[in-house]
file data.pdb (PDB, C-alpha atoms)
ATOM      1  CA  MET A  11       0.000   0.000   0.000  1.00  0.00           C
ATOM      2  CA  THR A  12       1.337   3.442  -0.935  1.00  0.00           C
ATOM      3  CA  ALA A  13       2.061   5.599   2.110  1.00  0.00           C
ATOM      4  CA  LEU A  14       0.042   8.811   2.061  1.00  0.00           C
ATOM      5  CA  LEU A  15       2.018  12.034   1.755  1.00  0.00           C
ATOM      6  CA  ASP A  16       1.707  14.658   4.461  1.00  0.00           C
ATOM      7  CA  GLY A  17       2.557  18.330   4.860  1.00  0.00           C
ATOM      8  CA  PRO A  18       1.197  21.729   5.879  1.00  0.00           C
ATOM      9  CA  SER A  19      -2.172  23.090   4.762  1.00  0.00           C
ATOM     10  CA  LEU A  20      -4.255  26.250   4.976  1.00  0.00           C
ATOM     11  CA  PRO A  21      -8.068  26.212   5.246  1.00  0.00           C
ATOM     12  CA  PRO A  22     -10.324  28.446   3.124  1.00  0.00           C
ATOM     13  CA  ALA A  23     -10.144  32.120   4.016  1.00  0.00           C
ATOM     14  CA  SER A  24     -13.940  32.238   3.716  1.00  0.00           C
ATOM     15  CA  GLY A  25     -14.322  30.009   6.782  1.00  0.00           C
ATOM     16  CA  ASP A  26     -16.700  27.787   4.817  1.00  0.00           C
ATOM     17  CA  LEU A  27     -16.233  24.309   3.424  1.00  0.00           C
ATOM     18  CA  PRO A  28     -13.766  24.318   0.516  1.00  0.00           C
ATOM     19  CA  ARG A  29     -15.101  24.517  -3.008  1.00  0.00           C
ATOM     20  CA  GLN A  30     -11.642  24.296  -4.605  1.00  0.00           C
ATOM     21  CA  ILE A  31      -8.329  22.615  -3.806  1.00  0.00           C
ATOM     22  CA  ILE A  32      -4.943  24.066  -4.695  1.00  0.00           C
ATOM     23  CA  VAL A  33      -1.953  21.776  -4.170  1.00  0.00           C
ATOM     24  CA  LEU A  34       1.542  23.265  -4.028  1.00  0.00           C
ATOM     25  CA  LEU A  35       4.403  20.958  -5.043  1.00  0.00           C
ATOM     26  CA  HIS A  36       7.839  22.009  -3.811  1.00  0.00           C
ATOM     27  CA  GLY A  37      11.190  21.641  -5.498  1.00  0.00           C
ATOM     28  CA  TYR A  38      14.233  19.478  -4.876  1.00  0.00           C
ATOM     29  CA  GLY A  39      15.717  19.766  -1.396  1.00  0.00           C
ATOM     30  CA  ALA A  40      12.826  21.741   0.083  1.00  0.00           C
ATOM     31  CA  ASP A  41       9.662  20.499   1.793  1.00  0.00           C
ATOM     32  CA  GLY A  42       6.011  21.441   2.042  1.00  0.00           C
ATOM     33  CA  HIS A  43       6.747  24.464   4.216  1.00  0.00           C
ATOM     34  CA  ASP A  44       8.643  26.061   1.334  1.00  0.00           C
ATOM     35  CA  LEU A  45       5.538  26.806  -0.741  1.00  0.00           C
ATOM     36  CA  ILE A  46       2.747  26.965   1.828  1.00  0.00           C
ATOM     37  CA  GLY A  47       3.832  30.579   2.341  1.00  0.00           C
ATOM     38  CA  LEU A  48       2.260  31.342  -1.046  1.00  0.00           C
ATOM     39  CA  ALA A  49      -1.139  30.201   0.165  1.00  0.00           C
ATOM     40  CA  PRO A  50      -2.196  33.411   1.996  1.00  0.00           C
ATOM     41  CA  THR A  51      -1.442  35.465  -1.120  1.00  0.00           C
ATOM     42  CA  LEU A  52      -3.420  33.081  -3.313  1.00  0.00           C
ATOM     43  CA  ALA A  53      -6.220  32.928  -0.757  1.00  0.00           C
ATOM     44  CA  ASN A  54      -6.912  36.615  -1.322  1.00  0.00           C
ATOM     45  CA  ARG A  55      -8.039  35.681  -4.843  1.00  0.00           C
ATOM     46  CA  PHE A  56      -9.438  32.243  -3.972  1.00  0.00           C
ATOM     47  CA  PRO A  57     -11.102  32.507  -0.543  1.00  0.00           C
ATOM     48  CA  GLU A  58     -13.053  29.282  -1.077  1.00  0.00           C
ATOM     49  CA  ALA A  59      -9.931  27.200  -1.761  1.00  0.00           C
ATOM     50  CA  ILE A  60      -8.141  24.938   0.662  1.00  0.00           C
ATOM     51  CA  PHE A  61      -4.374  24.725   0.194  1.00  0.00           C
ATOM     52  CA  TYR A  62      -2.118  21.722   0.662  1.00  0.00           C
ATOM     53  CA  SER A  63       1.659  21.536   0.340  1.00  0.00           C
ATOM     54  CA  PRO A  64       2.818  17.919   0.711  1.00  0.00           C
ATOM     55  CA  ASN A  65       6.333  16.816   1.522  1.00  0.00           C
ATOM     56  CA  ALA A  66       7.952  14.777  -1.259  1.00  0.00           C
ATOM     57  CA  PRO A  67       8.268  11.078  -0.406  1.00  0.00           C
ATOM     58  CA  GLU A  68      12.073  10.763  -0.214  1.00  0.00           C
ATOM     59  CA  PRO A  69      14.760  12.388   1.962  1.00  0.00           C
ATOM     60  CA  CYS A  70      16.960  14.617  -0.180  1.00  0.00           C
ATOM     61  CA  GLU A  71      20.181  12.911  -1.228  1.00  0.00           C
ATOM     62  CA  VAL A  72      22.135  16.175  -0.928  1.00  0.00           C
ATOM     63  CA  TRP A  73      20.608  18.433   1.728  1.00  0.00           C
ATOM     64  CA  GLY A  74      19.764  17.031   5.133  1.00  0.00           C
ATOM     65  CA  GLY A  75      16.247  17.781   6.262  1.00  0.00           C
ATOM     66  CA  GLY A  76      15.004  18.437   2.728  1.00  0.00           C
ATOM     67  CA  ARG A  77      12.909  16.157   0.544  1.00  0.00           C
ATOM     68  CA  GLN A  78      12.970  15.068  -3.075  1.00  0.00           C
ATOM     69  CA  TRP A  79      10.425  13.632  -5.464  1.00  0.00           C
ATOM     70  CA  PHE A  80      13.208  11.750  -7.229  1.00  0.00           C
ATOM     71  CA  SER A  81      17.000  11.735  -7.560  1.00  0.00           C
ATOM     72  CA  LEU A  82      18.851  14.387  -9.531  1.00  0.00           C
ATOM     73  CA  ALA A  83      22.236  12.750  -9.063  1.00  0.00           C
ATOM     74  CA  GLN A  84      22.688  12.289 -12.819  1.00  0.00           C
ATOM     75  CA  PHE A  85      21.317  15.682 -13.892  1.00  0.00           C
ATOM     76  CA  ASP A  86      23.877  18.308 -14.975  1.00  0.00           C
ATOM     77  CA  PRO A  87      22.233  21.697 -15.634  1.00  0.00           C
ATOM     78  CA  ASP A  88      25.513  23.159 -16.845  1.00  0.00           C
ATOM     79  CA  GLN A  89      25.736  20.539 -19.579  1.00  0.00           C
ATOM     80  CA  ALA A  90      22.157  21.275 -20.660  1.00  0.00           C
ATOM     81  CA  ARG A  91      22.988  24.972 -20.933  1.00  0.00           C
ATOM     82  CA  ARG A  92      26.298  24.430 -22.726  1.00  0.00           C
ATOM     83  CA  ASP A  93      24.769  22.035 -25.220  1.00  0.00           C
ATOM     84  CA  PRO A  94      20.990  22.558 -25.582  1.00  0.00           C
ATOM     85  CA  ALA A  95      20.824  19.512 -27.860  1.00  0.00           C
ATOM     86  CA  THR A  96      21.378  17.333 -24.773  1.00  0.00           C
ATOM     87  CA  MET A  97      18.564  18.901 -22.758  1.00  0.00           C
ATOM     88  CA  GLU A  98      15.744  16.701 -23.999  1.00  0.00           C
ATOM     89  CA  SER A  99      17.629  13.478 -23.315  1.00  0.00           C
ATOM     90  CA  ALA A 100      18.672  14.762 -19.886  1.00  0.00           C
ATOM     91  CA  PHE A 101      15.043  15.247 -18.908  1.00  0.00           C
ATOM     92  CA  GLU A 102      14.056  11.923 -20.467  1.00  0.00           C
ATOM     93  CA  ASP A 103      16.539  10.256 -18.109  1.00  0.00           C
ATOM     94  CA  LEU A 104      14.671  11.682 -15.106  1.00  0.00           C
ATOM     95  CA  GLU A 105      11.315  10.205 -16.086  1.00  0.00           C
ATOM     96  CA  ALA A 106      11.827   6.805 -14.451  1.00  0.00           C
ATOM     97  CA  GLY A 107      12.494   8.342 -11.042  1.00  0.00           C
ATOM     98  CA  ALA A 108       9.547  10.703 -11.356  1.00  0.00           C
ATOM     99  CA  SER A 109       7.265   7.861 -12.435  1.00  0.00           C
ATOM    100  CA  ALA A 110       8.217   5.942  -9.287  1.00  0.00           C
ATOM    101  CA  ALA A 111       6.937   8.865  -7.186  1.00  0.00           C
ATOM    102  CA  LEU A 112       3.740   9.195  -9.213  1.00  0.00           C
ATOM    103  CA  PRO A 113       1.609   6.631  -7.286  1.00  0.00           C
ATOM    104  CA  SER A 114       2.241   8.515  -4.031  1.00  0.00           C
ATOM    105  CA  LEU A 115       1.218  11.834  -5.554  1.00  0.00           C
ATOM    106  CA  ASN A 116      -1.854  10.430  -7.290  1.00  0.00           C
ATOM    107  CA  ALA A 117      -2.991   8.659  -4.125  1.00  0.00           C
ATOM    108  CA  TYR A 118      -2.631  11.946  -2.241  1.00  0.00           C
ATOM    109  CA  LEU A 119      -4.680  13.874  -4.810  1.00  0.00           C
ATOM    110  CA  ASP A 120      -7.369  11.180  -4.827  1.00  0.00           C
ATOM    111  CA  HIS A 121      -7.481  11.297  -1.034  1.00  0.00           C
ATOM    112  CA  LEU A 122      -8.007  15.071  -1.042  1.00  0.00           C
ATOM    113  CA  LEU A 123     -10.763  14.929  -3.646  1.00  0.00           C
ATOM    114  CA  GLU A 124     -12.581  12.133  -1.869  1.00  0.00           C
ATOM    115  CA  GLY A 125     -12.175  13.731   1.549  1.00  0.00           C
ATOM    116  CA  HIS A 126     -13.656  17.040   0.395  1.00  0.00           C
ATOM    117  CA  GLY A 127     -16.260  15.535  -1.926  1.00  0.00           C
ATOM    118  CA  LEU A 128     -14.991  17.499  -4.925  1.00  0.00           C
ATOM    119  CA  GLU A 129     -14.516  16.578  -8.572  1.00  0.00           C
ATOM    120  CA  PRO A 130     -11.070  16.710 -10.260  1.00  0.00           C
ATOM    121  CA  ASP A 131     -12.019  19.873 -12.145  1.00  0.00           C
ATOM    122  CA  ARG A 132     -12.059  21.663  -8.779  1.00  0.00           C
ATOM    123  CA  LEU A 133      -8.366  20.887  -8.126  1.00  0.00           C
ATOM    124  CA  ALA A 134      -5.371  22.849  -9.418  1.00  0.00           C
ATOM    125  CA  LEU A 135      -1.652  22.207  -9.052  1.00  0.00           C
ATOM    126  CA  LEU A 136       1.111  24.761  -8.602  1.00  0.00           C
ATOM    127  CA  GLY A 137       4.610  23.333  -8.932  1.00  0.00           C
ATOM    128  CA  PHE A 138       8.104  24.725  -8.594  1.00  0.00           C
ATOM    129  CA  SER A 139      11.107  23.144 -10.328  1.00  0.00           C
ATOM    130  CA  GLN A 140      10.983  19.411  -9.571  1.00  0.00           C
ATOM    131  CA  GLY A 141       7.438  19.993  -8.309  1.00  0.00           C
ATOM    132  CA  THR A 142       6.514  21.288 -11.774  1.00  0.00           C
ATOM    133  CA  MET A 143       7.930  18.138 -13.324  1.00  0.00           C
ATOM    134  CA  MET A 144       5.727  16.065 -11.014  1.00  0.00           C
ATOM    135  CA  ALA A 145       2.669  18.253 -11.598  1.00  0.00           C
ATOM    136  CA  LEU A 146       2.931  17.874 -15.372  1.00  0.00           C
ATOM    137  CA  LEU A 147       3.635  14.157 -15.192  1.00  0.00           C
ATOM    138  CA  ALA A 148       0.626  13.540 -12.940  1.00  0.00           C
ATOM    139  CA  GLY A 149      -1.766  16.027 -14.472  1.00  0.00           C
ATOM    140  CA  LEU A 150      -1.368  14.799 -18.023  1.00  0.00           C
ATOM    141  CA  ARG A 151      -1.774  11.122 -17.124  1.00  0.00           C
ATOM    142  CA  ARG A 152      -4.803  11.203 -14.842  1.00  0.00           C
ATOM    143  CA  GLU A 153      -7.994   9.658 -16.184  1.00  0.00           C
ATOM    144  CA  LYS A 154     -10.132  12.682 -15.294  1.00  0.00           C
ATOM    145  CA  SER A 155      -8.663  16.087 -15.976  1.00  0.00           C
ATOM    146  CA  LEU A 156      -7.678  18.439 -13.182  1.00  0.00           C
ATOM    147  CA  ALA A 157      -8.608  22.088 -13.548  1.00  0.00           C
ATOM    148  CA  ALA A 158      -5.173  23.584 -14.181  1.00  0.00           C
ATOM    149  CA  ILE A 159      -1.427  23.424 -13.638  1.00  0.00           C
ATOM    150  CA  ALA A 160       0.821  26.424 -13.014  1.00  0.00           C
ATOM    151  CA  GLY A 161       4.422  25.308 -13.459  1.00  0.00           C
ATOM    152  CA  PHE A 162       7.346  27.450 -12.330  1.00  0.00           C
ATOM    153  CA  SER A 163      10.958  26.817 -13.408  1.00  0.00           C
ATOM    154  CA  GLY A 164      10.329  23.245 -14.504  1.00  0.00           C
ATOM    155  CA  ALA A 165      10.363  20.862 -17.435  1.00  0.00           C
ATOM    156  CA  LEU A 166       8.193  18.274 -19.133  1.00  0.00           C
ATOM    157  CA  LEU A 167       9.514  14.756 -18.594  1.00  0.00           C
ATOM    158  CA  GLY A 168       8.695  12.150 -21.224  1.00  0.00           C
ATOM    159  CA  ALA A 169       8.025  14.703 -23.965  1.00  0.00           C
ATOM    160  CA  SER A 170       9.183  12.327 -26.702  1.00  0.00           C
ATOM    161  CA  HIS A 171       6.344   9.877 -26.062  1.00  0.00           C
ATOM    162  CA  LEU A 172       3.692  12.260 -24.753  1.00  0.00           C
ATOM    163  CA  ALA A 173       1.305  11.149 -27.485  1.00  0.00           C
ATOM    164  CA  GLU A 174       1.264   7.645 -25.986  1.00  0.00           C
ATOM    165  CA  THR A 175       0.973   8.663 -22.323  1.00  0.00           C
ATOM    166  CA  ILE A 176      -1.350  11.675 -22.298  1.00  0.00           C
ATOM    167  CA  ARG A 177      -4.810  10.947 -20.899  1.00  0.00           C
ATOM    168  CA  SER A 178      -6.166  14.375 -19.984  1.00  0.00           C
ATOM    169  CA  ARG A 179      -5.583  17.988 -20.915  1.00  0.00           C
ATOM    170  CA  PRO A 180      -5.823  20.453 -18.023  1.00  0.00           C
ATOM    171  CA  ARG A 181      -5.135  24.115 -18.687  1.00  0.00           C
ATOM    172  CA  ILE A 182      -1.436  24.802 -18.179  1.00  0.00           C
ATOM    173  CA  HIS A 183       0.656  27.925 -17.765  1.00  0.00           C
ATOM    174  CA  LEU A 184       4.435  27.742 -17.517  1.00  0.00           C
ATOM    175  CA  ILE A 185       6.545  30.445 -15.865  1.00  0.00           C
ATOM    176  CA  HIS A 186      10.324  30.612 -16.112  1.00  0.00           C
ATOM    177  CA  GLY A 187      13.027  33.110 -15.174  1.00  0.00           C
ATOM    178  CA  LEU A 188      15.355  33.838 -18.073  1.00  0.00           C
ATOM    179  CA  GLU A 189      18.349  33.884 -15.687  1.00  0.00           C
ATOM    180  CA  ASP A 190      17.586  30.463 -14.196  1.00  0.00           C
ATOM    181  CA  PRO A 191      20.899  28.670 -13.473  1.00  0.00           C
ATOM    182  CA  VAL A 192      19.255  25.400 -12.377  1.00  0.00           C
ATOM    183  CA  VAL A 193      16.661  24.461 -14.997  1.00  0.00           C
ATOM    184  CA  PRO A 194      17.384  26.034 -18.404  1.00  0.00           C
ATOM    185  CA  PRO A 195      14.619  28.454 -19.467  1.00  0.00           C
ATOM    186  CA  ALA A 196      14.488  26.652 -22.802  1.00  0.00           C
ATOM    187  CA  ALA A 197      12.973  23.682 -20.954  1.00  0.00           C
ATOM    188  CA  SER A 198       9.665  25.507 -20.506  1.00  0.00           C
ATOM    189  CA  HIS A 199       9.601  26.581 -24.138  1.00  0.00           C
ATOM    190  CA  GLN A 200      10.277  23.002 -25.178  1.00  0.00           C
ATOM    191  CA  ALA A 201       7.461  21.839 -22.900  1.00  0.00           C
ATOM    192  CA  MET A 202       5.051  24.380 -24.379  1.00  0.00           C
ATOM    193  CA  VAL A 203       5.747  23.202 -27.935  1.00  0.00           C
ATOM    194  CA  ALA A 204       5.259  19.555 -26.962  1.00  0.00           C
ATOM    195  CA  LEU A 205       2.006  20.331 -25.159  1.00  0.00           C
ATOM    196  CA  GLN A 206       0.659  22.401 -28.051  1.00  0.00           C
ATOM    197  CA  THR A 207       1.351  19.466 -30.365  1.00  0.00           C
ATOM    198  CA  GLN A 208      -1.028  17.432 -28.184  1.00  0.00           C
ATOM    199  CA  LYS A 209      -3.665  20.196 -28.256  1.00  0.00           C
ATOM    200  CA  VAL A 210      -3.188  21.188 -24.623  1.00  0.00           C
ATOM    201  CA  GLN A 211      -4.198  24.758 -23.809  1.00  0.00           C
ATOM    202  CA  VAL A 212      -0.866  26.158 -22.608  1.00  0.00           C
ATOM    203  CA  GLY A 213       0.747  29.541 -22.086  1.00  0.00           C
ATOM    204  CA  LEU A 214       4.246  30.692 -21.185  1.00  0.00           C
ATOM    205  CA  THR A 215       5.458  33.664 -19.163  1.00  0.00           C
ATOM    206  CA  GLU A 216       9.189  34.360 -19.360  1.00  0.00           C
ATOM    207  CA  CYS A 217      10.556  36.676 -16.679  1.00  0.00           C
ATOM    208  CA  PRO A 218      13.694  38.690 -17.564  1.00  0.00           C
ATOM    209  CA  ASP A 219      16.322  38.967 -14.820  1.00  0.00           C
ATOM    210  CA  LEU A 220      14.662  36.267 -12.710  1.00  0.00           C
ATOM    211  CA  PRO A 221      16.787  33.329 -11.473  1.00  0.00           C
ATOM    212  CA  HIS A 222      15.433  30.016 -10.115  1.00  0.00           C
ATOM    213  CA  ALA A 223      12.597  31.597  -8.152  1.00  0.00           C
ATOM    214  CA  ILE A 224       8.959  32.704  -8.004  1.00  0.00           C
ATOM    215  CA  ASP A 225       8.106  36.392  -8.201  1.00  0.00           C
ATOM    216  CA  ASP A 226       4.983  38.546  -8.466  1.00  0.00           C
ATOM    217  CA  ARG A 227       4.950  38.336 -12.262  1.00  0.00           C
ATOM    218  CA  GLY A 228       4.688  34.563 -12.122  1.00  0.00           C
ATOM    219  CA  LEU A 229       2.154  34.586  -9.319  1.00  0.00           C
ATOM    220  CA  SER A 230      -0.028  36.958 -11.336  1.00  0.00           C
ATOM    221  CA  ALA A 231       0.056  34.521 -14.256  1.00  0.00           C
ATOM    222  CA  ALA A 232      -0.845  31.613 -11.968  1.00  0.00           C
ATOM    223  CA  LYS A 233      -3.726  33.561 -10.433  1.00  0.00           C
ATOM    224  CA  ALA A 234      -5.089  34.416 -13.872  1.00  0.00           C
ATOM    225  CA  LEU A 235      -4.923  30.769 -14.913  1.00  0.00           C
ATOM    226  CA  PHE A 236      -6.674  29.555 -11.763  1.00  0.00           C
ATOM    227  CA  SER A 237      -9.310  32.284 -12.061  1.00  0.00           C
ATOM    228  CA  GLU A 238     -10.244  30.957 -15.496  1.00  0.00           C
ATOM    229  CA  ALA A 239     -10.110  27.291 -14.558  1.00  0.00           C
ATOM    230  CA  LEU A 240     -11.594  27.201 -11.062  1.00  0.00           C
ATOM    231  CA  THR A 241     -14.364  29.799 -11.219  1.00  0.00           C
TER     232      THR A 241
END
call {"tool": "encode", "arguments": {"input": "data.pdb", "output": "structure tokens"}}
result
Amino acid sequence: MTALLDGPSLPPASGDLPRQIIVLLHGYGADGHDLIGLAPTLANRFPEAIFYSPNAPEPCEVWGGGRQWFSLAQFDPDQARRDPATMESAFEDLEAGASAALPSLNAYLDHLLEGHGLEPDRLALLGFSQGTMMALLAGLRREKSLAAIAGFSGALLGASHLAETIRSRPRIHLIHGLEDPVVPPAASHQAMVALQTQKVQVGLTECPDLPHAIDDRGLSAAKALFSEALT
């Protein structure tokens, strides 16, 4: 039996029962507390949403106390930047590890939906970095489509065989800093092209002078996406 993920949460600002669920998926080496700080800002726009920020299932292999969705031991961002032709294969190599974490994430999302008596189209994902990779992997393969995915500083794993694995098409918006030293900005552009090929409704916001981070420009794009998809 898959162990259920846990992590911090924030109830609806309205004080009523939730009518929407927004799940925040952290990046490599962080934990659920890293992104739950975004919830109060998002709650101003979505007072009927409940927010969850689960801890990834594995201890981080590099930073003590942090968590990881899957290993990045073989990933070299410098190589991907030096030789963009290697980027796609580098992300393909990460798919097996991400797929191993997928049952835990899907079980967690199913648990939230069942517990709150809501349909999948009332649930949105916001991911950062490795959390974006997991959000895209899960969201595109679920039988019933989620409402939306906002993906910051991430990449699409398994792009080369997306046509064979895609099962649903949530609305997606990708956000990437053009000065990102960790995940090359070209990864989000590559993801957008692959998603458009599969007729996914997807947008891209590129943020000049932004490194591997989330800023107000990206949050505004995520809020706009969720406003369209959840209301």
call {"tool": "closest_residue", "arguments": {"input": "data.pdb", "among": "A:Ala196, A:Ala66, A:Ala23, A:Ile32", "to": "A:Ala158", "atoms": "all atoms listed in the file"}}
result
A:Ile32
call {"tool": "residues_around", "arguments": {"input": "data.pdb", "residues": "A:His36", "least_positions_apart": "2", "cutoff": "9 Å", "atoms": "only C-alpha atoms", "output": "number ranges by chain"}}
result
A: 34, 38-45, 63-66, 77-79, 136-142
call {"tool": "write_last_selection", "arguments": {"input": "data.pdb", "atoms": "C-alpha atoms", "output": "PDB file, keeping the file's coordinate frame"}}
result
ATOM      1  CA  LEU A  34       1.542  23.265  -4.028  1.00  0.00           C
ATOM      2  CA  TYR A  38      14.233  19.478  -4.876  1.00  0.00           C
ATOM      3  CA  GLY A  39      15.717  19.766  -1.396  1.00  0.00           C
ATOM      4  CA  ALA A  40      12.826  21.741   0.083  1.00  0.00           C
ATOM      5  CA  ASP A  41       9.662  20.499   1.793  1.00  0.00           C
ATOM      6  CA  GLY A  42       6.011  21.441   2.042  1.00  0.00           C
ATOM      7  CA  HIS A  43       6.747  24.464   4.216  1.00  0.00           C
ATOM      8  CA  ASP A  44       8.643  26.061   1.334  1.00  0.00           C
ATOM      9  CA  LEU A  45       5.538  26.806  -0.741  1.00  0.00           C
ATOM     10  CA  SER A  63       1.659  21.536   0.340  1.00  0.00           C
ATOM     11  CA  PRO A  64       2.818  17.919   0.711  1.00  0.00           C
ATOM     12  CA  ASN A  65       6.333  16.816   1.522  1.00  0.00           C
ATOM     13  CA  ALA A  66       7.952  14.777  -1.259  1.00  0.00           C
ATOM     14  CA  ARG A  77      12.909  16.157   0.544  1.00  0.00           C
ATOM     15  CA  GLN A  78      12.970  15.068  -3.075  1.00  0.00           C
ATOM     16  CA  TRP A  79      10.425  13.632  -5.464  1.00  0.00           C
ATOM     17  CA  LEU A 136       1.111  24.761  -8.602  1.00  0.00           C
ATOM     18  CA  GLY A 137       4.610  23.333  -8.932  1.00  0.00           C
ATOM     19  CA  PHE A 138       8.104  24.725  -8.594  1.00  0.00           C
ATOM     20  CA  SER A 139      11.107  23.144 -10.328  1.00  0.00           C
ATOM     21  CA  GLN A 140      10.983  19.411  -9.571  1.00  0.00           C
ATOM     22  CA  GLY A 141       7.438  19.993  -8.309  1.00  0.00           C
ATOM     23  CA  THR A 142       6.514  21.288 -11.774  1.00  0.00           C
TER      24      THR A 142
END
call {"tool": "residues_around", "arguments": {"input": "data.pdb", "residues": "A:Ala83", "least_positions_apart": "3", "cutoff": "10 Å", "atoms": "only C-alpha atoms", "output": "number ranges by chain"}}
result
A: 71-72, 80, 86, 104
call {"tool": "residues_around", "arguments": {"input": "data.pdb", "residues": "A:Arg177", "least_positions_apart": "4", "cutoff": "6 Å", "atoms": "only C-alpha atoms", "output": "list in words"}}
result
Leu150, Arg151 and Glu153 of chain A
call {"tool": "residues_around", "arguments": {"input": "data.pdb", "residues": "A:Gly107", "least_positions_apart": "4", "cutoff": "12 Å", "atoms": "all atoms listed in the file", "output": "mmCIF file with C-alpha atoms, in the frame of the given file"}}
result
data_model
loop_
_atom_site.group_PDB
_atom_site.id
_atom_site.type_symbol
_atom_site.label_atom_id
_atom_site.label_comp_id
_atom_site.auth_asym_id
_atom_site.auth_seq_id
_atom_site.Cartn_x
_atom_site.Cartn_y
_atom_site.Cartn_z
ATOM 1 C CA PRO A 67 8.268 11.078 -0.406
ATOM 2 C CA GLU A 68 12.073 10.763 -0.214
ATOM 3 C CA GLN A 78 12.970 15.068 -3.075
ATOM 4 C CA TRP A 79 10.425 13.632 -5.464
ATOM 5 C CA PHE A 80 13.208 11.750 -7.229
ATOM 6 C CA SER A 81 17.000 11.735 -7.560
ATOM 7 C CA LEU A 82 18.851 14.387 -9.531
ATOM 8 C CA ALA A 83 22.236 12.750 -9.063
ATOM 9 C CA GLN A 84 22.688 12.289 -12.819
ATOM 10 C CA PHE A 85 21.317 15.682 -13.892
ATOM 11 C CA PHE A 101 15.043 15.247 -18.908
ATOM 12 C CA GLU A 102 14.056 11.923 -20.467
ATOM 13 C CA ASP A 103 16.539 10.256 -18.109
ATOM 14 C CA ALA A 111 6.937 8.865 -7.186
ATOM 15 C CA LEU A 112 3.740 9.195 -9.213
ATOM 16 C CA PRO A 113 1.609 6.631 -7.286
ATOM 17 C CA GLN A 140 10.983 19.411 -9.571
ATOM 18 C CA MET A 143 7.930 18.138 -13.324
ATOM 19 C CA MET A 144 5.727 16.065 -11.014
ATOM 20 C CA LEU A 147 3.635 14.157 -15.192
ATOM 21 C CA LEU A 167 9.514 14.756 -18.594
ATOM 22 C CA GLY A 168 8.695 12.150 -21.224
#
call {"tool": "resolve_selection", "arguments": {"input": "data.pdb", "expression": "the PyMOL selection byres ((chain A and resi 232) around 10)", "output": "PyMOL selection string"}}
result
chain A and resi 52+135-136+158-162+182-185+215+226-231+233-237
call {"tool": "write_last_selection", "arguments": {"input": "data.pdb", "atoms": "C-alpha atoms", "output": "compact mmCIF listing (two decimals), in the coordinates of the input"}}
result
# COMPACT_ATOMS: atom_id res chain seq x y z
CA LEU A 52 -3.42 33.08 -3.31
CA LEU A 135 -1.65 22.21 -9.05
CA LEU A 136 1.11 24.76 -8.60
CA ALA A 158 -5.17 23.58 -14.18
CA ILE A 159 -1.43 23.42 -13.64
CA ALA A 160 0.82 26.42 -13.01
CA GLY A 161 4.42 25.31 -13.46
CA PHE A 162 7.35 27.45 -12.33
CA ILE A 182 -1.44 24.80 -18.18
CA HIS A 183 0.66 27.92 -17.76
CA LEU A 184 4.43 27.74 -17.52
CA ILE A 185 6.54 30.44 -15.86
CA THR A 215 5.46 33.66 -19.16
CA ASP A 226 4.98 38.55 -8.47
CA ARG A 227 4.95 38.34 -12.26
CA GLY A 228 4.69 34.56 -12.12
CA LEU A 229 2.15 34.59 -9.32
CA SER A 230 -0.03 36.96 -11.34
CA ALA A 231 0.06 34.52 -14.26
CA LYS A 233 -3.73 33.56 -10.43
CA ALA A 234 -5.09 34.42 -13.87
CA LEU A 235 -4.92 30.77 -14.91
CA PHE A 236 -6.67 29.56 -11.76
CA SER A 237 -9.31 32.28 -12.06
call {"tool": "residues_near_point", "arguments": {"input": "data.pdb", "point": "(-16.7, 21.0, 2.0)", "cutoff": "8 Å", "atoms": "all atoms listed in the file", "output": "list of chain:residue names"}}
result
A:Asp26, A:Leu27, A:Pro28, A:Arg29, A:His126, A:Gly127, A:Leu128
call {"tool": "atom_distance", "arguments": {"input": "data.pdb", "atom1": "atom CA of A:Arg181", "atom2": "atom CA of A:Gln206"}}
result
11.1 Å
call {"tool": "atom_distance", "arguments": {"input": "data.pdb", "atom1": "atom CA of A:Pro18", "atom2": "atom CA of A:Ala148"}}
result
20.5 Å
call {"tool": "residues_around", "arguments": {"input": "data.pdb", "residues": "A:Ala49", "least_positions_apart": "2", "cutoff": "9 Å", "atoms": "all atoms listed in the file", "output": "PyMOL selection string"}}
result
chain A and resi 19-20+32+34+45-47+51-54+60-62
call {"tool": "closest_residue", "arguments": {"input": "data.pdb", "among": "A:Ser170, A:Thr241, A:Ser163, A:Gln211", "to": "A:Val193", "atoms": "only C-alpha atoms"}}
result
A:Ser163
call {"tool": "closest_residue", "arguments": {"input": "data.pdb", "among": "A:Lys154, A:Leu48, A:Gln200, A:Ala173", "to": "A:Leu123", "atoms": "all atoms listed in the file"}}
result
A:Lys154
call {"tool": "decode", "arguments": {"input": "data.pdb", "residues": "stretch 68-80 of chain A", "atoms": "C-alpha atoms", "output": "mmCIF file, in the first residue's frame"}}
result
data_model
loop_
_atom_site.group_PDB
_atom_site.id
_atom_site.type_symbol
_atom_site.label_atom_id
_atom_site.label_comp_id
_atom_site.auth_asym_id
_atom_site.auth_seq_id
_atom_site.Cartn_x
_atom_site.Cartn_y
_atom_site.Cartn_z
ATOM 1 C CA GLU A 68 12.073 10.763 -0.214
ATOM 2 C CA PRO A 69 14.760 12.388 1.962
ATOM 3 C CA CYS A 70 16.960 14.617 -0.180
ATOM 4 C CA GLU A 71 20.181 12.911 -1.228
ATOM 5 C CA VAL A 72 22.135 16.175 -0.928
ATOM 6 C CA TRP A 73 20.608 18.433 1.728
ATOM 7 C CA GLY A 74 19.764 17.031 5.133
ATOM 8 C CA GLY A 75 16.247 17.781 6.262
ATOM 9 C CA GLY A 76 15.004 18.437 2.728
ATOM 10 C CA ARG A 77 12.909 16.157 0.544
ATOM 11 C CA GLN A 78 12.970 15.068 -3.075
ATOM 12 C CA TRP A 79 10.425 13.632 -5.464
ATOM 13 C CA PHE A 80 13.208 11.750 -7.229
#
